[in-house]
>>> print(open('start32.txt').read())   # compact mmCIF, C-alpha atoms
# COMPACT_ATOMS: atom_id res chain seq x y z
CA MET A 1 2.54 -8.49 4.78
CA SER A 2 -1.19 -8.01 4.84
CA PHE A 3 -4.44 -7.51 6.85
CA ASP A 4 -5.89 -10.19 9.11
CA ASP A 5 -9.40 -8.79 9.35
CA SER A 6 -10.55 -6.98 6.25
CA TYR A 7 -12.86 -4.06 6.93
CA ASP A 8 -16.60 -4.63 6.84
CA THR A 9 -17.70 -1.25 5.58
CA TYR A 10 -16.38 2.18 4.92
CA ASP A 11 -18.27 5.40 4.58
CA ASP A 12 -18.44 7.50 1.45
CA VAL A 13 -15.50 9.85 1.54
CA GLU A 14 -15.02 12.79 -0.73
CA SER A 15 -12.06 12.21 -3.04
CA GLY A 16 -8.85 13.69 -1.72
CA THR A 17 -10.15 14.49 1.76
CA GLU A 18 -8.42 13.51 4.99
CA GLU A 19 -9.78 10.38 6.60
CA SER A 20 -8.37 8.70 9.69
CA SER A 21 -11.10 6.29 10.77
CA VAL A 22 -12.87 5.08 7.65
CA LEU A 23 -12.29 1.37 8.13
CA GLU A 24 -13.23 -0.99 10.93
CA ASP A 25 -9.82 -2.04 12.26
CA PRO A 26 -8.44 -4.28 9.50
CA LEU A 27 -5.12 -5.80 10.51
CA LEU A 28 -2.21 -5.82 8.09
CA GLN A 29 -0.77 -9.29 8.15
CA ASP A 30 -0.13 -12.12 5.72
CA PRO A 31 -3.23 -14.38 5.84
CA THR A 32 -1.33 -17.16 4.05
CA LEU A 33 1.16 -17.80 6.83
CA ASP A 34 0.99 -19.39 10.26
CA PRO A 35 2.28 -16.70 12.68
CA ASP A 36 4.07 -19.46 14.63
CA ALA A 37 5.79 -20.85 11.57
CA ALA A 38 9.04 -19.65 10.04
CA PHE A 39 8.49 -16.85 7.51
CA ASP A 40 9.07 -17.93 3.93
CA PRO A 41 9.39 -14.79 1.75
CA ALA A 42 8.81 -16.91 -1.35
CA SER A 43 5.33 -17.90 -0.19
CA ASP A 44 2.60 -17.05 -2.66
CA PRO A 45 0.03 -14.49 -1.38
CA ASP A 46 -2.95 -16.83 -1.70
CA VAL A 47 -5.39 -15.07 0.57
CA ASP A 48 -7.34 -17.42 2.81
CA THR A 49 -9.44 -15.56 5.37
CA ASP A 50 -13.14 -15.48 6.22
CA THR A 51 -13.76 -11.80 5.50
CA ASP A 52 -15.63 -10.23 2.62
CA LEU A 53 -15.20 -6.97 0.79
CA ASP A 54 -18.24 -4.72 0.98
CA SER A 55 -18.86 -4.36 -2.74
CA ASP A 56 -21.34 -1.53 -2.19
CA ALA A 57 -18.79 0.72 -0.51
CA TYR A 58 -18.22 2.79 -3.60
CA ASP A 59 -19.94 3.22 -6.97
CA ASP A 60 -18.54 1.73 -10.15
CA GLU A 61 -18.46 5.12 -11.81
CA ASP A 62 -16.00 6.31 -9.18
CA VAL A 63 -13.44 3.66 -10.14
CA ASP A 64 -10.51 4.75 -12.26
CA ASP A 65 -10.76 3.19 -15.71
CA PRO A 66 -7.24 2.41 -16.95
CA SER A 67 -8.42 2.99 -20.50
CA THR A 68 -9.29 6.61 -19.64
CA THR A 69 -6.28 7.38 -17.45
CA ASP A 70 -4.07 10.16 -18.74
CA THR A 71 -0.84 8.47 -19.83
CA ASP A 72 0.82 11.46 -21.47
CA THR A 73 3.00 12.34 -18.50
CA ASP A 74 6.67 11.78 -19.30
CA THR A 75 9.03 10.19 -16.82
CA THR A 76 11.77 12.72 -16.17
CA ASP A 77 15.34 12.09 -15.08
CA ALA A 78 14.43 13.59 -11.69
CA ASP A 79 11.62 11.06 -11.31
CA LEU A 80 14.01 8.21 -12.08
CA ASP A 81 16.60 9.53 -9.62
CA ALA A 82 13.97 9.76 -6.87
CA SER A 83 12.89 6.19 -7.61
CA GLU A 84 16.47 4.97 -7.37
CA GLU A 85 16.84 6.66 -3.98
CA ASP A 86 13.72 4.89 -2.75
CA ILE A 87 14.85 1.56 -4.22
CA ASP A 88 18.08 1.81 -2.24
CA LEU A 89 16.05 2.09 0.98
CA TRP A 90 13.97 -1.04 0.31
CA HIS A 91 14.36 -4.27 2.21
CA GLU A 92 12.19 -7.34 2.52
CA GLN A 93 10.08 -7.57 5.65
CA GLN A 94 11.34 -10.11 8.17
CA ALA A 95 7.97 -11.06 9.67
CA PRO A 96 4.73 -12.02 7.92
CA ASP A 97 2.72 -9.17 9.45
CA THR A 98 5.03 -6.12 9.29
CA CYS A 99 4.33 -4.77 5.81
CA ALA A 100 2.94 -1.50 7.22
CA VAL A 101 5.82 -1.13 9.67
CA VAL A 102 8.44 -1.70 6.97
CA SER A 103 6.71 0.51 4.40
CA GLN A 104 6.76 3.34 6.93
CA GLU A 105 10.42 2.54 7.62
CA PHE A 106 11.25 3.29 3.96
CA LEU A 107 9.85 6.81 4.34
CA LEU A 108 11.34 7.40 7.78
CA ASP A 109 14.82 6.55 6.55
CA ARG A 110 14.37 8.87 3.58
CA PHE A 111 12.93 11.87 5.42
CA THR A 112 15.00 11.68 8.62
CA GLY A 113 18.26 10.58 7.05
CA GLU A 114 18.61 7.97 9.78
CA ASP A 115 18.70 4.18 9.47
CA HIS A 116 15.79 2.75 11.43
CA SER A 117 15.38 -0.99 11.84
CA GLU A 118 12.27 -3.10 11.41
CA GLU A 119 12.81 -4.50 14.91
CA GLU A 120 13.01 -1.02 16.45
CA LEU A 121 9.92 0.28 14.69
CA ALA A 122 7.88 -2.84 15.39
CA ALA A 123 8.69 -2.46 19.09
CA VAL A 124 7.63 1.21 19.09
CA ALA A 125 4.41 0.37 17.24
CA GLU A 126 3.63 -2.52 19.56
CA ALA A 127 4.23 -0.39 22.67
CA ASN A 128 1.76 2.19 21.37
CA GLY A 129 -0.88 -0.33 20.30
CA TRP A 130 -0.35 0.29 16.56
CA TYR A 131 0.94 -3.21 15.80
CA GLN A 132 0.17 -6.66 17.18
CA PRO A 133 2.75 -9.42 16.56
CA GLY A 134 0.91 -12.25 14.89
CA GLY A 135 -1.94 -9.89 14.07
CA GLY A 136 -0.62 -6.90 12.21
CA THR A 137 -1.37 -3.18 11.94
CA PRO A 138 -4.88 -1.66 11.93
CA LEU A 139 -5.23 0.30 8.72
CA ASP A 140 -6.12 3.51 10.55
CA ASP A 141 -2.78 3.29 12.37
CA VAL A 142 -0.69 3.29 9.20
CA GLY A 143 1.26 6.53 9.38
CA ASN A 144 1.42 6.69 13.18
CA LEU A 145 5.09 5.68 13.18
CA LEU A 146 5.87 8.51 10.78
CA GLU A 147 4.07 11.00 13.01
CA TYR A 148 5.87 9.58 16.07
CA TYR A 149 9.15 10.59 14.44
CA ASP A 150 7.75 14.03 13.48
CA VAL A 151 7.04 13.30 9.83
CA PRO A 152 3.56 14.71 9.06
CA VAL A 153 1.10 12.54 7.17
CA GLU A 154 -2.30 12.85 5.53
CA ARG A 155 -4.72 9.93 5.21
CA THR A 156 -7.12 10.01 2.27
CA GLN A 157 -9.49 7.74 0.42
CA GLY A 158 -10.69 7.85 -3.15
CA ASP A 159 -7.45 9.25 -4.61
CA THR A 160 -6.53 8.92 -8.29
CA LEU A 161 -3.33 8.12 -10.15
CA ASP A 162 -2.99 11.84 -10.86
CA ASP A 163 -3.12 12.49 -7.10
CA LEU A 164 -0.30 10.01 -6.52
CA GLU A 165 1.82 11.51 -9.30
CA SER A 166 1.26 15.01 -7.94
CA SER A 167 2.37 13.94 -4.47
CA LEU A 168 5.49 12.26 -5.82
CA SER A 169 6.35 15.31 -7.94
CA GLU A 170 6.25 17.41 -4.76
CA GLY A 171 8.70 15.08 -3.03
CA ASP A 172 6.13 13.43 -0.80
CA GLY A 173 6.17 9.76 0.20
CA VAL A 174 3.17 7.66 -0.75
CA LEU A 175 1.87 4.46 0.86
CA VAL A 176 -1.24 2.65 -0.37
CA ALA A 177 -3.35 -0.25 0.85
CA VAL A 178 -3.86 -2.98 -1.75
CA ASP A 179 -5.11 -6.51 -2.27
CA SER A 180 -1.88 -8.53 -2.42
CA SER A 181 -3.49 -11.23 -4.56
CA GLU A 182 -4.07 -8.70 -7.35
CA ILE A 183 -0.50 -7.41 -7.59
CA LEU A 184 0.94 -9.25 -10.59
CA PRO A 185 -1.68 -12.04 -10.45
CA ASP A 186 -0.49 -15.32 -11.94
CA ASP A 187 -3.95 -16.42 -13.03
CA PRO A 188 -6.40 -13.99 -14.69
CA ASP A 189 -9.28 -16.24 -13.64
CA SER A 190 -8.17 -15.98 -10.01
CA GLU A 191 -7.97 -12.21 -10.32
CA ALA A 192 -11.57 -12.08 -11.57
CA LEU A 193 -12.65 -14.36 -8.74
CA ALA A 194 -11.00 -12.06 -6.19
CA ASP A 195 -13.51 -9.34 -7.11
CA ALA A 196 -16.58 -11.58 -7.18
CA GLN A 197 -19.15 -10.95 -4.47
CA GLY A 198 -19.38 -13.25 -1.46
CA ILE A 199 -15.96 -14.89 -1.81
CA PRO A 200 -13.98 -15.21 1.47
CA GLY A 201 -10.57 -13.60 1.64
CA GLN A 202 -11.32 -10.53 -0.43
CA GLY A 203 -10.27 -7.00 0.36
CA ALA A 204 -7.09 -5.01 0.94
CA ASP A 205 -4.53 -6.96 2.95
CA HIS A 206 -1.18 -5.27 2.26
CA VAL A 207 0.65 -1.92 2.29
CA VAL A 208 3.23 -0.90 -0.32
CA GLN A 209 5.08 2.29 -1.25
CA VAL A 210 4.43 3.92 -4.62
CA ILE A 211 7.71 5.39 -5.89
CA GLY A 212 7.05 6.26 -9.53
CA PHE A 213 5.46 5.62 -12.90
CA ASP A 214 6.90 4.27 -16.14
CA ARG A 215 5.00 5.35 -19.22
CA SER A 216 7.76 4.77 -21.75
CA ASP A 217 5.39 2.32 -23.44
CA PRO A 218 2.03 4.13 -23.76
CA ASP A 219 0.33 0.79 -24.41
CA ASP A 220 1.66 -0.75 -21.20
CA PRO A 221 1.99 1.89 -18.44
CA GLN A 222 3.51 0.67 -15.19
CA VAL A 223 3.27 1.74 -11.56
CA ILE A 224 6.58 1.35 -9.71
CA LEU A 225 6.39 0.06 -6.14
CA ASN A 226 8.56 -0.79 -3.20
CA ASP A 227 6.82 -3.93 -1.98
CA PRO A 228 8.30 -5.22 1.31
CA GLY A 229 6.48 -8.54 1.03
CA ARG A 230 8.31 -9.85 -2.06
CA GLY A 231 11.90 -10.85 -2.62
CA ASP A 232 11.76 -8.95 -5.92
CA GLY A 233 9.84 -6.03 -4.44
CA ALA A 234 12.45 -3.27 -4.86
CA GLY A 235 11.29 -1.05 -7.72
CA LEU A 236 8.66 -3.61 -8.69
CA GLU A 237 6.87 -2.60 -11.90
CA VAL A 238 3.18 -3.48 -11.94
CA PRO A 239 0.82 -2.93 -14.89
CA GLU A 240 -1.36 0.07 -14.19
CA ALA A 241 -4.57 -1.95 -14.57
CA ASP A 242 -3.42 -4.53 -12.00
CA PHE A 243 -2.41 -1.79 -9.58
CA LEU A 244 -5.78 -0.08 -9.89
CA ASN A 245 -7.62 -3.37 -9.28
CA ALA A 246 -5.53 -4.05 -6.17
CA TRP A 247 -5.83 -0.48 -4.85
CA GLU A 248 -9.59 -0.37 -5.43
CA ASP A 249 -10.10 -3.06 -2.80
CA SER A 250 -9.22 -0.50 -0.11
CA GLY A 251 -11.31 2.23 -1.72
CA ARG A 252 -7.97 3.70 -2.87
CA TYR A 253 -6.75 4.31 0.68
CA THR A 254 -3.55 6.40 0.75
CA VAL A 255 -1.16 7.70 3.38
CA THR A 256 0.95 10.62 2.16
CA ALA A 257 4.03 11.73 4.11
CA SER A 258 5.09 15.32 3.59
CA GLY A 259 8.45 15.81 1.96
CA SER A 260 8.59 19.32 3.40
CA SER A 261 8.93 18.09 6.98
CA ASP A 262 11.76 19.73 8.97
CA VAL A 263 13.04 16.68 10.81
>>> encode(input="start32.txt", output="structure tokens")
Amino acid sequence: MSFDDSYDTYDDVESGTEESSVLEDPLLQDPTLDPDAAFDPASDPDVDTDTDLDSDAYDDEDVDDPSTTDTDTDTTDADLDASEEDIDLWHEQQAPDTCAVVSQEFLLDRFTGEDHSEEELAAVAEANGWYQPGGGTPLDDVGNLLEYYDVPVERTQGDTLDDLESSLSEGDGVLVAVDSSEILPDDPDSEALADAQGIPGQGADHVVQVIGFDRSDPDDPQVILNDPGRGDGAGLEVPEADFLNAWEDSGRYTVTASGSSDV
């Protein structure tokens, strides 16, 4: 479900601008699993690779502070209905390195009205060099499957929660690159360690779909995800602070699929 090789560096990118080659070919695969072993969806995402996050890639002042995030937006019935539609399209990935393929599948099924399979899309991606079995998907290639099926996408870095909400309100599909170890971390000490400098296995290693926000409790806002790498990943609610920490490790890398596509 995550990247094999985390990126080494990425250039400063103006917030909200299109970016298609910021990272140095990270591969989206699950670093906790042996590619030759049977996939166990219950496996914990305990990242164990030899790559480091470039902590100087963006300034601290550019990071969203959950304490200053606007949480006054109400969740409307339309938002909930859209989330339910997305939840119905979720399924758990069947291979340890297909999180990007499956996340794109969610949006393809929604925008085209057709039922694509993980096997079909993985074969198309492999044939075009966008996916390597046992290796994963280079981050820059996330979105290529959508474009292949005529669903337009935009790749950006440095987005905010407001940007994600705006895209969802317009009917767009949103995929983000995150650090899987920081989504609902079991151990706060481990979460802090994941952001420490010089520790192997840091960085974004997973792609998920953002499908909504739940701010019914202003003291505990949640980001709602479709996470293909978890058995409980359909409509998974993640505390906003945890989501921001996980998303920051990719420099808030986002792939937005246009809901206005005529496909």
>>> closest_residue(input="start32.txt", among="A:Ala122, A:Val174, A:Val238, A:Leu89", to="Val255 in chain A", atoms="all atoms listed in the file")
A:Val174
>>> atom_distance(input="start32.txt", atom1="CA of Glu118 in chain A", atom2="CA of Pro228 in chain A")
11.1 Å
>>> atom_distance(input="start32.txt", atom1="CA of Leu164 in chain A", atom2="CA of Val210 in chain A")
7.9 Å
>>> closest_atom_pairs(input="start32.txt", of="range 116-212 of chain A", to="range 101-106 of chain A", cutoff="8 Å", atoms="only C-alpha atoms", output="CSV")
residue,atom,partner,partner_atom,distance
A:His116,CA,A:Glu105,CA,6.6
A:Ser117,CA,A:Glu105,CA,7.4
A:Glu118,CA,A:Val102,CA,6.0
A:Leu121,CA,A:Val101,CA,6.6
A:Ala122,CA,A:Val101,CA,6.3
A:Ala125,CA,A:Val101,CA,7.8
A:Thr137,CA,A:Val101,CA,7.8
A:Val142,CA,A:Gln104,CA,7.8
A:Gly143,CA,A:Gln104,CA,6.8
A:Leu145,CA,A:Gln104,CA,6.9
A:Leu146,CA,A:Gln104,CA,6.5
A:Leu175,CA,A:Ser103,CA,7.2
A:Val207,CA,A:Ser103,CA,6.9
A:Val208,CA,A:Ser103,CA,6.0
A:Gln209,CA,A:Ser103,CA,6.1
>>> atom_distance(input="start32.txt", atom1="CA of Gly136 in chain A", atom2="CA of Ala100 in chain A")
8.2 Å
>>> residues_near_point(input="start32.txt", point="(5.0, 14.1, 10.1)", cutoff="12 Å", atoms="only C-alpha atoms", output="MDAnalysis selection string")
chainID A and resid 104 107:108 111:112 143:155 172:173 255:263
>>> build_atoms(input="start32.txt", residues="range 84-107 of chain A", atoms="N, CA, C and O atoms", output="compact mmCIF listing (two decimals), in the frame of the given file")
# COMPACT_ATOMS: atom_id res chain seq x y z
N GLU A 84 15.26 5.70 -7.73
CA GLU A 84 16.47 4.97 -7.37
C GLU A 84 16.81 5.18 -5.90
O GLU A 84 17.26 4.27 -5.22
N GLU A 85 16.60 6.40 -5.40
CA GLU A 85 16.84 6.66 -3.98
C GLU A 85 15.93 5.80 -3.12
O GLU A 85 16.36 5.20 -2.13
N ASP A 86 14.66 5.71 -3.51
CA ASP A 86 13.72 4.89 -2.75
C ASP A 86 14.07 3.41 -2.86
O ASP A 86 13.96 2.67 -1.87
N ILE A 87 14.48 2.97 -4.04
CA ILE A 87 14.85 1.56 -4.22
C ILE A 87 15.99 1.18 -3.29
O ILE A 87 16.02 0.09 -2.72
N ASP A 88 16.94 2.09 -3.12
CA ASP A 88 18.08 1.81 -2.24
C ASP A 88 17.66 1.63 -0.79
O ASP A 88 18.39 1.00 0.00
N LEU A 89 16.51 2.19 -0.40
CA LEU A 89 16.05 2.09 0.98
C LEU A 89 15.16 0.87 1.22
O LEU A 89 14.78 0.59 2.37
N TRP A 90 14.85 0.12 0.17
CA TRP A 90 13.97 -1.04 0.31
C TRP A 90 14.67 -2.19 1.01
O TRP A 90 15.88 -2.40 0.86
N HIS A 91 13.93 -2.94 1.77
CA HIS A 91 14.36 -4.27 2.21
C HIS A 91 13.13 -5.13 2.40
O HIS A 91 12.00 -4.62 2.57
N GLU A 92 13.31 -6.42 2.35
CA GLU A 92 12.19 -7.34 2.52
C GLU A 92 11.82 -7.46 3.99
O GLU A 92 12.70 -7.54 4.86
N GLN A 93 10.53 -7.45 4.27
CA GLN A 93 10.08 -7.57 5.65
C GLN A 93 10.51 -8.91 6.23
O GLN A 93 10.53 -9.94 5.54
N GLN A 94 10.82 -8.91 7.53
CA GLN A 94 11.34 -10.11 8.17
C GLN A 94 10.28 -10.88 8.93
O GLN A 94 10.56 -11.95 9.47
N ALA A 95 9.08 -10.37 9.01
CA ALA A 95 7.97 -11.06 9.67
C ALA A 95 6.77 -11.02 8.72
O ALA A 95 6.68 -10.15 7.86
N PRO A 96 5.85 -11.96 8.86
CA PRO A 96 4.73 -12.02 7.92
C PRO A 96 3.69 -10.93 8.09
O PRO A 96 2.81 -10.79 7.23
N ASP A 97 3.79 -10.13 9.15
CA ASP A 97 2.72 -9.17 9.45
C ASP A 97 3.24 -7.75 9.63
O ASP A 97 2.61 -6.93 10.27
N THR A 98 4.41 -7.43 9.06
CA THR A 98 5.03 -6.12 9.29
C THR A 98 5.10 -5.27 8.03
O THR A 98 5.92 -4.36 7.94
N CYS A 99 4.25 -5.54 7.05
CA CYS A 99 4.33 -4.77 5.81
C CYS A 99 4.13 -3.28 6.06
O CYS A 99 4.83 -2.43 5.48
N ALA A 100 3.19 -2.92 6.94
CA ALA A 100 2.94 -1.50 7.22
C ALA A 100 4.10 -0.88 7.98
O ALA A 100 4.47 0.27 7.73
N VAL A 101 4.66 -1.62 8.92
CA VAL A 101 5.82 -1.13 9.67
C VAL A 101 6.99 -0.86 8.72
O VAL A 101 7.62 0.20 8.76
N VAL A 102 7.28 -1.82 7.85
CA VAL A 102 8.44 -1.70 6.97
C VAL A 102 8.21 -0.63 5.90
O VAL A 102 9.13 0.13 5.55
N SER A 103 7.00 -0.53 5.38
CA SER A 103 6.71 0.51 4.40
C SER A 103 6.91 1.90 5.00
O SER A 103 7.44 2.81 4.34
N GLN A 104 6.51 2.07 6.26
CA GLN A 104 6.76 3.34 6.93
C GLN A 104 8.26 3.54 7.18
O GLN A 104 8.76 4.67 7.14
N GLU A 105 8.97 2.45 7.42
CA GLU A 105 10.42 2.54 7.62
C GLU A 105 11.10 3.14 6.39
O GLU A 105 12.03 3.95 6.52
N PHE A 106 10.66 2.74 5.18
CA PHE A 106 11.25 3.29 3.96
C PHE A 106 11.20 4.81 3.98
O PHE A 106 12.18 5.49 3.66
N LEU A 107 10.03 5.37 4.36
CA LEU A 107 9.85 6.81 4.34
C LEU A 107 10.59 7.48 5.50
O LEU A 107 11.14 8.58 5.34
